[in-house]
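> Structure provided below as C-alpha cells; questions to follow.
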Amino acid sequence: MMTRTRFAPSPTGYLHIGGARTALFSWAYARKLGGTFILRIEDTDLERSSEASVQAILDGMSWLNLGYDEGPFYQMQRMERYKAVLQEMLAAGTAYYCYTTPAELEAMREAQRAKGEKPRYDGTWRPEQGKTLPSIPSEVKPVVRFKNPTFGVAAWDDMVKGKIVFENSELDDLIIARTDGTPTYNFCVVIDDLDMGITQVIRGDDHVNNTPRQINILKALGATLPRYAHVPMILGSDGERLSKRHGAVSVMQYEEEGFLPEALINYLARLGWSHGDEEIFSIEQLVEWFDLEHISKSAAQFNPEKLRWVNQHYIKQADNARLALWVTKNLAARGIVVNDSIPLTSVIELYKGRTATLVELANEAAVFYSEVSPSDELLQAQLTADVLPALQELAQRFADVAWEAAAIAATIKEVLAQHTLKMPKVAMPLRVMLVGQTHTPSVDAVVALFPRAVVLQRMKKYL
C-alpha cells in the first residue's frame, strides 16, 4: 500500500514550532517512501478558528517549503459526510442517542468522585440486550455516543513508543456528535483518516489518549487501521513545555527575525531525531535518511542558541544575491534605501560570516546606506590627541590613493609607521568614524566598500 501521511492542524492560532516539526516529520516520511503528503485543516472549533490562522498555517508551510500533494481539506466542508456515517452507525447499533443532560452528567461524576471512583458516563442510555431504557424526555436534545467495547483492549505498536495498551473497560462511551448534530473532533479525525486512506498517523504524543478511542471507532466501521507514531513534545530551555514565553509564537516570526527556512528545517529535524552525529544536512539528505525508528522517545529541548548556530552556517553558505533581497526589504522597512554606490552583495560577502541572523546582517549593512552617529563617549575614547595627527594625515592620503583594499591597507601601514602607532590605535577610531563601532571585518576592506567621497566626508566630520 502506498504511504499516505497527513498534517492536520487546527486553525486556532499560528503554525508553531511543535506543529512545524510534526509537519516536517510527516512530509519527510512520505517523501522518503515515495508516498503522498496531505494537508488537512481541522476547523470544527468555530469559536476559535479563523481565516487569519488558516492563512498563517499556509504561509508557514510555504515558507518552510513543505509542499503537500493533496489538500488543503477543510473539515467544515465535510459535514454531510460525517453526518451520513453517524446515521450508519446509529442504524448499525455502534452508536446511540444519549439524553443525559450536562447537569445530570456532572452530578453523576460528583457522586463517583465521592465514592473514590473514576468519573465517567455510566451508560444510562447505552442499549444492551434485555435492558429497558428510560423514557425519552421530550425537552432534551440528545448527543450521539459511540458504543465502546466493554471488554478486551485497544492496542497498537507505536512506531516511536513501542507497544501501547488501553483496557476498553477504562474507556467510557465517547460523545461523537453534539446536541446540535455537529460531530466532535475524535469522530471527524477517524472519518478523515479513513476516507483519505492515511497509512501512518504521525503526531504529537499529547494525542496518545485519543488513539484508543479512534482505533475502536475505526474497528466498528470495519476499517483497516493506520499505523501510529506519537512524537514526544518539545520543551523550552527551562524544561517546561514550549510556549509563548520561550520565544517566537509563529514560525513566520522566525522569518521576520532573520532565520533561513532551510536552517529552521535542519534544526527542527534534529529536535528529537538523529542520523548518527550529523548536525548539518540538506533537505535532500534528510529525505534520504529519515525514519521513525530514530525519533527519540523522550522530549526534545528547544535551544535558541543552537538554532542561531545552525542559521549562521546557512547564512555563510547562502547566495549573496538571495540574502540581499531580504536585507533590502528589511532596510526599506526602516526607511533606509540601498543605493548602487555601494554594492549590497559586497557588503553581505564581507559581513555574513559574522552574523547569526539576517536581522544582524541588515544591521551591519545599514551603516553603509545611512548616516551614523557615534556616541560622544565612543568618540572621546577613540579620537584621542595622540592619534588625531595620524588620522588627519590618513584622510589626506585617502584623497589620492588607488581606491581598492590592498592600496588602502598599504597606506594605513605607512601612516602607522610614520607616527609609530600600532594598528588598533588608528583602525578603531577609523571604524568609529565610518560605521559607528569599533569592531568590523578588516578595516581596509570596510573602507574600500565606501565611495571615496563618503569616507572623506565622514572623516572630515570628526577631524
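For the C-alpha cells, the naming scheme is as follows: chains receive sequential letters (A, B, ...) according to their order of presentation, residues are indexed from 1 within each chain, and ligands are indexed from 1 in presentation order.
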As a PDB file with N, CA, C and O atoms, in the first residue's frame, please: the residues near Arg270 in chain A (cut-off 8 Å, only C-alpha atoms, same-chain neighbours under 4 positions excluded).

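Saved to part_17.pdb:
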ATOM      1  N   ASN A 266      16.449  22.233   9.193  1.00  0.00           N
ATOM      2  CA  ASN A 266      17.571  21.426   9.689  1.00  0.00           C
ATOM      3  C   ASN A 266      17.503  21.302  11.201  1.00  0.00           C
ATOM      4  O   ASN A 266      17.659  20.211  11.772  1.00  0.00           O
ATOM      5  N   SER A 274      17.664  11.880  14.889  1.00  0.00           N
ATOM      6  CA  SER A 274      19.093  11.974  14.577  1.00  0.00           C
ATOM      7  C   SER A 274      19.472  10.968  13.514  1.00  0.00           C
ATOM      8  O   SER A 274      18.809   9.937  13.320  1.00  0.00           O
ATOM      9  N   GLU A 279      24.952  16.959  12.224  1.00  0.00           N
ATOM     10  CA  GLU A 279      24.256  18.142  12.710  1.00  0.00           C
ATOM     11  C   GLU A 279      23.731  19.003  11.569  1.00  0.00           C
ATOM     12  O   GLU A 279      22.654  19.598  11.670  1.00  0.00           O
TER      13      GLU A 279
END
> Just the alpha helix (DSSP H) stuff from range 306-400 of chain A, please, per backbone DSSP, written as an NGL selection string.
:A and (306-317 or 320-333 or 344-351 or 358-366 or 376-382 or 388-398)
> Please provide the set of residues having any atom within 8 Å of Thr357 in chain A, restricted to only C-alpha atoms, with same-chain residues fewer than 6 positions apart removed, written as a list in words.
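Near Thr357 in chain A, the qualifying residues are Glu257, Gly258, Phe259, Arg308, Asn311, Gln312 and Ile315 of chain A.
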> Give the answer as one residue: which of A:Ala362, A:Ala103, A:Ile215, A:Leu449 has the shortest atom-to-atom distance to Glu404 in chain A, using only C-alpha atoms?
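The shortest atom-to-atom distance to Glu404 in chain A comes from A:Leu449.
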> When you look at Val54 in chain A with a cut-off of 12 Å (counting only C-alpha atoms), what residues show up, excluding the ones that are within fewer than 5 positions of it in the same chain? I need them as a PyMOL selection string.
chain A and resi 8-15+39-43+48-49+59-61+72-74
